[in-house]
file work_23.cif (mmCIF, C-alpha atoms and all ligand atoms)
data_my_file
#
loop_
_atom_site.label_atom_id
_atom_site.label_comp_id
_atom_site.auth_asym_id
_atom_site.auth_seq_id
_atom_site.Cartn_x
_atom_site.Cartn_y
_atom_site.Cartn_z
CA MET X 254 -14.87 7.98 -18.53
CA LYS X 255 -12.07 6.42 -16.49
CA THR X 256 -12.97 4.36 -13.43
CA TRP X 257 -10.76 4.28 -10.37
CA MET X 258 -11.39 1.88 -7.49
CA ILE X 259 -9.62 2.66 -4.22
CA THR X 260 -9.64 0.64 -0.99
CA GLY X 261 -9.42 2.23 2.46
CA THR X 262 -10.89 5.63 1.59
CA SER X 263 -12.14 6.49 5.10
CA SER X 264 -8.96 8.44 5.87
CA GLY X 265 -5.37 9.21 4.89
CA PHE X 266 -4.11 8.59 1.35
CA GLY X 267 -7.29 6.78 0.28
CA LYS X 268 -9.50 9.68 1.34
CA ALA X 269 -7.16 12.20 -0.31
CA LEU X 270 -7.21 10.21 -3.55
CA ALA X 271 -10.99 9.70 -3.55
CA SER X 272 -11.62 13.40 -2.75
CA LYS X 273 -9.39 14.60 -5.59
CA LEU X 274 -10.68 12.10 -8.16
CA ALA X 275 -14.32 12.78 -7.21
CA GLN X 276 -13.76 16.41 -8.30
CA GLU X 277 -12.20 15.51 -11.66
CA GLU X 278 -14.11 15.54 -14.95
CA GLY X 279 -14.55 12.19 -16.66
CA VAL X 280 -13.68 10.05 -13.66
CA ASN X 281 -15.85 7.46 -11.91
CA VAL X 282 -14.79 6.73 -8.33
CA ILE X 283 -15.44 3.45 -6.56
CA ALA X 284 -14.54 4.16 -2.94
CA THR X 285 -14.39 1.42 -0.34
CA ALA X 286 -14.42 1.63 3.44
CA ARG X 287 -15.44 -0.49 6.39
CA LYS X 288 -18.11 1.94 7.61
CA GLU X 289 -20.62 3.66 5.35
CA ALA X 290 -20.62 6.87 7.41
CA ASP X 291 -16.88 7.28 6.80
CA LEU X 292 -17.70 7.99 3.15
CA ASP X 293 -20.21 10.80 3.79
CA TYR X 294 -17.55 13.33 2.74
CA LEU X 295 -17.98 12.15 -0.85
CA ASP X 296 -21.66 13.18 -1.02
CA GLN X 297 -20.77 16.81 -1.78
CA TYR X 298 -19.09 15.73 -5.04
CA ASP X 299 -21.56 13.03 -6.11
CA HIS X 300 -23.40 13.45 -9.41
CA GLY X 301 -23.79 9.76 -10.14
CA GLN X 302 -20.09 9.06 -10.73
CA ILE X 303 -19.39 7.77 -7.22
CA LYS X 304 -20.02 4.26 -5.92
CA LYS X 305 -19.46 3.47 -2.25
CA ILE X 306 -18.71 -0.12 -1.29
CA ILE X 307 -18.37 -1.48 2.23
CA VAL X 308 -15.65 -4.08 2.56
CA ASP X 309 -13.21 -5.39 5.11
CA VAL X 310 -10.30 -6.51 2.93
CA SER X 311 -9.25 -9.16 5.47
CA ASP X 312 -12.42 -11.11 4.58
CA PRO X 313 -11.88 -12.91 1.23
CA GLN X 314 -15.61 -13.47 0.61
CA ALA X 315 -16.34 -9.80 1.28
CA VAL X 316 -13.59 -8.85 -1.18
CA LYS X 317 -15.17 -11.05 -3.89
CA ARG X 318 -18.57 -9.43 -3.22
CA ALA X 319 -16.99 -5.97 -3.37
CA ALA X 320 -15.33 -6.74 -6.70
CA ALA X 321 -18.67 -7.98 -8.10
CA GLU X 322 -20.44 -4.83 -6.84
CA ALA X 323 -17.74 -2.67 -8.41
CA LEU X 324 -18.08 -4.44 -11.77
CA ALA X 325 -21.87 -4.09 -11.64
CA PHE X 326 -21.34 -0.32 -11.31
CA SER X 327 -18.70 -0.11 -14.03
CA SER X 328 -17.86 -2.96 -16.40
CA LYS X 329 -14.41 -1.48 -16.91
CA ILE X 330 -12.24 -0.60 -13.96
CA ASP X 331 -9.20 1.24 -15.28
CA VAL X 332 -7.25 1.74 -12.07
CA LEU X 333 -7.32 -0.32 -8.88
CA VAL X 334 -5.56 1.26 -5.90
CA ASN X 335 -4.87 -1.28 -3.14
CA ASN X 336 -4.42 1.23 -0.36
CA ALA X 337 -6.09 -0.23 2.77
CA GLY X 338 -3.46 -1.05 5.34
CA LEU X 339 -2.26 -0.72 8.87
CA GLY X 340 1.02 -0.54 10.75
CA TYR X 341 2.66 -2.60 13.48
CA PHE X 342 5.29 -1.17 15.77
CA SER X 343 7.30 -3.59 17.91
CA THR X 344 10.65 -5.30 18.08
CA ILE X 345 10.58 -8.66 16.34
CA GLU X 346 10.96 -10.59 19.59
CA GLU X 347 8.16 -8.75 21.38
CA SER X 348 5.68 -8.90 18.51
CA ASP X 349 2.48 -10.88 18.93
CA LEU X 350 2.35 -13.19 15.92
CA LYS X 351 -1.47 -13.37 16.03
CA GLU X 352 -1.58 -9.59 15.56
CA VAL X 353 1.18 -9.78 12.95
CA ARG X 354 -0.83 -12.38 11.00
CA TYR X 355 -3.83 -10.03 11.04
CA MET X 356 -1.66 -7.22 9.67
CA PHE X 357 -0.55 -9.53 6.85
CA GLU X 358 -4.22 -10.39 6.18
CA VAL X 359 -4.90 -6.70 5.56
CA ASP X 360 -1.63 -5.35 4.14
CA PHE X 361 -0.73 -8.33 1.95
CA PHE X 362 -3.54 -10.88 1.53
CA GLY X 363 -6.28 -8.23 1.32
CA LEU X 364 -4.37 -6.61 -1.55
CA ALA X 365 -3.80 -10.02 -3.16
CA GLU X 366 -7.48 -11.03 -2.86
CA MET X 367 -8.69 -7.77 -4.40
CA THR X 368 -6.15 -8.01 -7.22
CA GLU X 369 -7.09 -11.63 -7.94
CA ALA X 370 -10.80 -10.74 -7.98
CA LEU X 371 -10.23 -8.01 -10.57
CA LEU X 372 -7.50 -9.51 -12.76
CA PRO X 373 -10.00 -11.36 -15.02
CA GLN X 374 -11.63 -8.03 -15.94
CA PHE X 375 -8.26 -6.37 -16.53
CA ARG X 376 -7.30 -9.28 -18.82
CA ALA X 377 -10.66 -9.17 -20.62
CA ASN X 378 -10.25 -5.43 -21.24
CA LYS X 379 -6.58 -5.87 -22.14
CA SER X 380 -5.80 -2.78 -20.10
CA GLY X 381 -5.62 -1.48 -16.59
CA ILE X 382 -3.31 -0.24 -13.88
CA ILE X 383 -2.92 -1.84 -10.47
CA VAL X 384 -1.47 0.54 -7.90
CA ASN X 385 -0.19 -1.15 -4.78
CA ILE X 386 0.50 1.14 -1.85
CA SER X 387 3.66 -0.25 -0.35
CA SER X 388 5.90 1.94 1.81
CA ALA X 389 9.40 3.36 2.02
CA LEU X 390 9.63 0.50 4.52
CA GLY X 391 8.99 -1.88 1.61
CA LEU X 392 12.37 -0.84 0.18
CA THR X 393 14.38 -0.33 3.35
CA THR X 394 13.63 -0.87 7.02
CA LEU X 395 14.08 0.35 10.59
CA PRO X 396 14.20 -1.28 14.02
CA THR X 397 10.69 -1.89 15.48
CA MET X 398 9.23 -1.94 11.97
CA GLY X 399 10.36 -5.44 11.03
CA TYR X 400 7.01 -7.14 10.59
CA TYR X 401 5.45 -4.13 8.89
CA SER X 402 8.42 -4.08 6.51
CA ALA X 403 8.03 -7.82 5.96
CA ALA X 404 4.42 -7.27 4.86
CA LYS X 405 5.41 -4.40 2.55
CA PHE X 406 8.44 -6.32 1.17
CA ALA X 407 5.90 -9.05 0.37
CA VAL X 408 3.84 -6.45 -1.52
CA GLU X 409 6.98 -5.44 -3.43
CA GLY X 410 7.98 -8.98 -4.44
CA TYR X 411 4.41 -9.86 -5.38
CA SER X 412 4.05 -6.69 -7.46
CA ASP X 413 7.40 -7.17 -9.24
CA ALA X 414 6.42 -10.70 -10.30
CA LEU X 415 2.85 -9.72 -11.26
CA ARG X 416 4.20 -6.84 -13.38
CA GLN X 417 6.21 -9.35 -15.44
CA GLU X 418 3.29 -11.78 -15.76
CA VAL X 419 0.81 -9.19 -17.06
CA ALA X 420 3.17 -6.94 -19.05
CA ASP X 421 2.08 -8.47 -22.38
CA LEU X 422 -1.60 -8.30 -21.45
CA GLY X 423 -1.88 -4.52 -21.42
CA ILE X 424 -1.86 -4.37 -17.62
CA LYS X 425 0.62 -2.30 -15.62
CA VAL X 426 1.59 -2.44 -11.96
CA LEU X 427 2.81 0.54 -9.94
CA THR X 428 4.14 0.21 -6.40
CA VAL X 429 4.09 3.41 -4.36
CA GLU X 430 6.56 3.79 -1.52
CA PRO X 431 5.55 6.79 0.62
CA SER X 432 7.67 8.09 3.49
CA GLY X 433 6.01 9.07 6.78
CA ALA X 434 2.89 11.12 6.10
CA ARG X 435 0.23 12.77 8.24
CA THR X 436 -2.53 10.11 8.31
CA ASN X 437 -4.11 7.82 10.95
CA TRP X 438 -1.57 5.12 10.10
CA ALA X 439 0.42 5.32 13.35
CA GLY X 440 -2.66 6.16 15.42
CA SER X 441 -5.89 4.20 15.40
CA SER X 442 -4.72 2.07 12.44
CA SER X 443 -1.78 0.45 14.20
CA GLU X 444 -0.75 -1.80 17.07
CA LYS X 445 2.14 -0.54 19.19
CA LYS X 446 4.20 -2.44 21.73
CA VAL X 447 6.69 -0.30 23.62
CA PRO X 448 9.68 -2.60 24.28
CA GLU X 449 9.76 -4.09 27.78
CA ILE X 450 12.84 -6.30 27.41
CA ALA X 451 15.73 -4.28 28.81
CA ASP X 452 18.02 -5.26 25.92
CA TYR X 453 15.71 -3.31 23.58
CA ALA X 454 15.32 -0.27 25.84
CA LYS X 455 16.98 2.02 23.29
CA PHE X 456 13.96 1.51 20.98
CA LYS X 457 11.38 2.47 23.63
CA ASN X 458 11.15 6.06 22.57
CA MET X 459 10.87 5.13 18.91
CA VAL X 460 7.67 3.14 19.50
CA ALA X 461 6.29 5.44 22.21
CA THR X 462 6.50 8.51 19.96
CA THR X 463 5.30 7.05 16.64
CA ASP X 464 1.96 8.89 16.87
CA GLN X 465 3.72 12.24 17.27
CA ALA X 466 6.32 11.32 14.63
CA VAL X 467 3.58 10.63 12.09
CA ASP X 468 1.57 13.71 13.18
CA ASN X 469 4.71 15.77 12.45
CA ALA X 470 5.82 13.78 9.40
CA PRO X 471 6.76 15.80 6.31
CA GLY X 472 4.48 13.85 3.97
CA ASP X 473 1.25 15.59 2.94
CA PRO X 474 -1.48 13.08 1.95
CA ALA X 475 -2.91 15.52 -0.63
CA LEU X 476 0.48 15.91 -2.37
CA ILE X 477 1.00 12.14 -2.23
CA ALA X 478 -2.45 11.57 -3.79
CA GLN X 479 -1.64 14.07 -6.55
CA ALA X 480 1.74 12.41 -7.24
CA ILE X 481 -0.02 9.04 -7.61
CA ILE X 482 -2.66 10.49 -9.96
CA ASP X 483 0.04 12.21 -12.04
CA ALA X 484 2.10 9.00 -12.26
CA VAL X 485 -0.91 6.93 -13.33
CA ASN X 486 -1.90 9.52 -15.94
CA SER X 487 1.61 9.92 -17.33
CA ASP X 488 2.76 8.25 -20.56
CA LYS X 489 5.85 7.02 -18.77
CA MET X 490 4.44 5.55 -15.57
CA PRO X 491 7.34 4.19 -13.50
CA ASP X 492 7.25 0.75 -11.86
CA HIS X 493 8.07 2.26 -8.47
CA LEU X 494 7.17 5.63 -6.98
CA PRO X 495 9.16 6.38 -3.80
CA LEU X 496 7.69 9.54 -2.27
CA GLY X 497 9.38 11.82 0.26
CA GLU X 498 13.01 12.25 1.28
CA PHE X 499 13.20 9.18 3.50
CA ALA X 500 11.91 6.93 0.72
CA TYR X 501 14.27 8.52 -1.82
CA ASN X 502 17.47 8.58 0.27
CA GLY X 503 16.67 5.54 2.40
CA SER X 504 15.98 3.27 -0.54
CA LEU X 505 19.03 4.48 -2.50
CA ASP X 506 21.29 4.01 0.56
CA LYS X 507 19.93 0.51 1.07
CA LEU X 508 20.31 -0.44 -2.61
CA ARG X 509 23.84 1.00 -2.88
CA LYS X 510 24.90 -0.89 0.25
CA LEU X 511 23.31 -4.09 -1.06
CA ALA X 512 24.93 -3.68 -4.49
CA GLY X 513 28.34 -3.04 -2.90
CA GLU X 514 28.02 -6.08 -0.66
CA ILE X 515 26.98 -8.33 -3.54
CA GLU X 516 29.80 -7.05 -5.76
CA SER X 517 32.41 -7.47 -3.03
CA ASN X 518 31.45 -11.14 -2.62
CA ARG X 519 31.38 -11.87 -6.36
CA ALA X 520 33.85 -14.76 -6.17
CA ILE X 521 31.87 -16.58 -3.46
CA SER X 522 28.56 -15.94 -5.23
CA LEU X 523 29.81 -17.37 -8.50
CA SER X 524 31.61 -20.31 -6.85
CA THR X 525 28.50 -22.42 -6.22
CA ASP X 526 27.37 -23.17 -9.78
CA ASP X 527 29.07 -26.21 -11.33
CA LYS X 528 27.61 -25.83 -14.81
N1 LIG B 601 1.07 7.32 6.61
C1 LIG B 601 2.26 6.83 6.40
O1 LIG B 601 3.23 7.29 6.97
C2 LIG B 601 2.44 5.71 5.40
C3 LIG B 601 3.69 5.59 4.78
C4 LIG B 601 3.87 4.58 3.85
C5 LIG B 601 2.84 3.73 3.53
N2 LIG B 601 1.62 3.87 4.15
C6 LIG B 601 0.56 2.95 3.72
O2 LIG B 601 -0.45 3.73 3.12
C7 LIG B 601 -1.69 3.02 3.14
C8 LIG B 601 -2.79 3.95 3.63
O3 LIG B 601 -2.53 4.28 4.98
P1 LIG B 601 -2.69 5.75 5.54
O4 LIG B 601 -1.34 6.23 5.86
O5 LIG B 601 -3.55 6.57 4.68
O6 LIG B 601 -3.37 5.44 6.95
P2 LIG B 601 -4.87 5.58 7.47
O7 LIG B 601 -5.27 7.00 7.50
O8 LIG B 601 -4.86 4.82 8.75
O9 LIG B 601 -5.74 4.81 6.39
C9 LIG B 601 -5.74 3.40 6.33
C10 LIG B 601 -6.98 2.96 5.60
O10 LIG B 601 -6.98 1.52 5.55
C11 LIG B 601 -8.25 1.07 6.01
N3 LIG B 601 -8.22 -0.27 6.59
C12 LIG B 601 -7.53 -0.72 7.65
N4 LIG B 601 -7.84 -2.02 7.88
C13 LIG B 601 -8.75 -2.36 6.93
C14 LIG B 601 -9.45 -3.57 6.63
N5 LIG B 601 -9.30 -4.69 7.36
N6 LIG B 601 -10.31 -3.57 5.58
C15 LIG B 601 -10.50 -2.45 4.85
N7 LIG B 601 -9.87 -1.29 5.09
C16 LIG B 601 -9.01 -1.25 6.12
C17 LIG B 601 -8.67 2.09 7.06
O11 LIG B 601 -10.05 1.97 7.30
P3 LIG B 601 -10.71 2.19 8.76
O12 LIG B 601 -10.86 3.67 8.90
O13 LIG B 601 -12.00 1.45 8.70
O14 LIG B 601 -9.74 1.62 9.77
C18 LIG B 601 -8.27 3.37 6.34
O15 LIG B 601 -9.23 3.71 5.38
C19 LIG B 601 -1.46 1.80 4.02
O16 LIG B 601 -1.28 0.67 3.20
C20 LIG B 601 -0.18 2.15 4.78
O17 LIG B 601 0.52 1.00 5.17
C21 LIG B 601 1.40 4.84 5.06
#
call {"tool": "encode", "arguments": {"input": "work_23.cif", "output": "C-alpha cells"}}
result
Amino acid sequence: MKTWMITGTSSGFGKALASKLAQEEGVNVIATARKEADLDYLDQYDHGQIKKIIVDVSDPQAVKRAAAEALAFSSKIDVLVNNAGLGYFSTIEESDLKEVRYMFEVDFFGLAEMTEALLPQFRANKSGIIVNISSALGLTTLPTMGYYSAAKFAVEGYSDALRQEVADLGIKVLTVEPSGARTNWAGSSSEKKVPEIADYAKFKNMVATTDQAVDNAPGDPALIAQAIIDAVNSDKMPDHLPLGEFAYNGSLDKLRKLAGEIESNRAISLSTDDK
C-alpha cells in the first residue's frame, strides 16, 4: 500500500487528486480540509483506505495535530502533497499587507509547517516524496500578481534547498507549476483589489476579470491531477513540473531573458570578487 496525504482537498486540484487516488488499488488517501462536510464526496470510494483530517494550515498547532493524526492512521506516508493555497490579486502598492501576510501563512508557512511535521517520518523511513504545489507564477510573474508570485517564489526557493538537503536521505521534492486552471482559486479562495490609483488604471480589467479568466482557463484540474500522479509514479520524477502552455512558455521566456541578461553583464558580475 502507498499512502498519499494531500492538503486542501475540498476543491480544485486537491479534490481532483484525492478523487483519483481514492479510486486506485493499493493507495491509502489522507485528505485534509477545513470543513468535514467538504469531504463527503470521498464516502462513495471509502473501503477503509481513506482518512479525513480537518486542518487549517495557517494554524501551526493544528498542523502538528494533523500530522500526528495522519501518522496514527498510517505509520508510513509515502507522498505528501502541499496543495492548500489561495491567491491575491492587487498591484503591489494597493495591496493590504495584513492580507498578504495571511496569504503567506497559508501558501508558504502552512506548507513549511506541514513539511517540517512530517520530515522526521520521511527520514526514519528513508523514503518519501514531497510535492509542493507552486504555480507558473512561481517561475515567472505578471502585474497584479506580485505578492502571490512572491509567496510561490518562496515555495520554489525553499523546495530547491530542501531537495538538496534530503537528496541523500531517500527523500525527493517535486515542485508543480500549474498555469491557470478551472478551480475556485480566483473565486472564493482569493482576495481581489481592483486598482483605484489612476496610474494603475490599465490593470483594472485584469483584476476585475480574474474570476472569468480562471473559469475559462485552459487548465483541467483532472488532467493536472493525473500529470502529478504520473510524475510521482515515474522512475524519472523531475524536480519541476510546469503544467500548461503559460507555465511552459512563460517560464522558458523568463529564464532565457534572465540568462541573456546575466551573460551580457558577465564582466561586471565577475569584477567584484578579489580572490
Ligand atoms: N487554479 C489555478 O489557476 C492555479 C494555478 C497555479 C497554482 N495554483 C495553486 O494550486 C493550489 C490549489 O488551488 P486550486 O487552484 O485547486 O484552488 P481551490 O479550488 O481554491 O482550492 C484551494 C484549496 O486550499 C484550501 N485552503 C485555503 N486556505 C486554507 C487554509 N488556511 N487551510 C487549509 N486549507 C486551505 C481550500 O480550502 P477551503 O475550501 O476550506 O477554502 C481548498 O481546498 C494552490 O496552492 C494554488 O495557489 C492554482
call {"tool": "atom_distance", "arguments": {"input": "work_23.cif", "atom1": "atom CA of X:Asp452", "atom2": "atom CA of X:Tyr401"}}
result
21.2 Å
call {"tool": "residues_around", "arguments": {"input": "work_23.cif", "residues": "stretch 330-334 of chain X", "least_positions_apart": "6", "cutoff": "9 Å", "atoms": "all atoms listed in the file", "output": "ChimeraX atom specification"}}
result
/X:255-260,267,323-324,367-368,371,374-375,378,380-386,485
call {"tool": "closest_residue", "arguments": {"input": "work_23.cif", "among": "X:Ala377, X:Val282, X:Ala403, X:Ala512", "to": "ligand LIG 601 (chain B)", "atoms": "all atoms listed in the file"}}
result
X:Ala403
call {"tool": "residues_near_ligand", "arguments": {"input": "work_23.cif", "ligand": "ligand LIG 601 (chain B)", "cutoff": "6 Å", "atoms": "only C-alpha atoms and all ligand atoms", "output": "VMD selection string"}}
result
chain X and resid 261 to 267 286 to 287 308 to 311 336 to 340 359 386 to 389 431 to 438 442
call {"tool": "closest_residue", "arguments": {"input": "work_23.cif", "among": "X:Val353, X:Ala407, X:Arg318, X:Leu392", "to": "X:Ser504", "atoms": "all atoms listed in the file"}}
result
X:Leu392
call {"tool": "closest_residue", "arguments": {"input": "work_23.cif", "among": "X:Pro373, X:Gly410, X:Pro448, X:Gly497", "to": "X:Pro471", "atoms": "all atoms listed in the file"}}
result
X:Gly497
call {"tool": "residues_around", "arguments": {"input": "work_23.cif", "residues": "stretch 294-304 of chain X", "least_positions_apart": "3", "cutoff": "9 Å", "atoms": "only C-alpha atoms", "output": "ChimeraX atom specification"}}
result
/X:256,268,271-272,275-276,279-285,290-291,323,326
call {"tool": "atom_distance", "arguments": {"input": "work_23.cif", "atom1": "atom CA of X:Ala414", "atom2": "atom CA of X:Glu322"}}
result
27.7 Å
call {"tool": "atom_distance", "arguments": {"input": "work_23.cif", "atom1": "atom CA of X:Ala480", "atom2": "atom CA of X:Asn335"}}
result
15.7 Å
call {"tool": "closest_residue", "arguments": {"input": "work_23.cif", "among": "X:Lys425, X:Arg376, X:Arg354, X:Arg509", "to": "X:Asp492", "atoms": "only C-alpha atoms"}}
result
X:Lys425
call {"tool": "closest_residue", "arguments": {"input": "work_23.cif", "among": "X:Met398, X:Ile515, X:Ile345, X:Ala478", "to": "X:Met459", "atoms": "all atoms listed in the file"}}
result
X:Met398
call {"tool": "closest_residue", "arguments": {"input": "work_23.cif", "among": "X:Lys273, X:Glu347, X:Leu372, X:Pro313", "to": "X:Gly423", "atoms": "only C-alpha atoms"}}
result
X:Leu372
call {"tool": "decode", "arguments": {"input": "work_23.cif", "residues": "stretch 419-437 of chain X", "atoms": "C-alpha atoms", "output": "compact mmCIF listing (two decimals), in the first residue's frame"}}
result
# COMPACT_ATOMS: atom_id res chain seq x y z
CA VAL X 419 17.32 15.49 1.70
CA ALA X 420 18.67 14.05 -1.56
CA ASP X 421 20.95 11.58 0.25
CA LEU X 422 18.19 10.57 2.68
CA GLY X 423 15.96 8.88 0.12
CA ILE X 424 13.54 11.81 0.04
CA LYS X 425 12.58 13.64 -3.15
CA VAL X 426 10.94 17.01 -3.68
CA LEU X 427 8.76 17.91 -6.66
CA THR X 428 7.50 21.43 -7.31
CA VAL X 429 4.47 21.67 -9.58
CA GLU X 430 3.90 24.86 -11.52
CA PRO X 431 0.38 24.82 -12.99
CA SER X 432 -0.90 27.50 -15.36
CA GLY X 433 -4.41 28.91 -14.90
CA ALA X 434 -6.87 26.11 -14.25
CA ARG X 435 -10.60 25.89 -13.60
CA THR X 436 -10.76 25.80 -9.77
CA ASN X 437 -12.04 28.12 -7.00
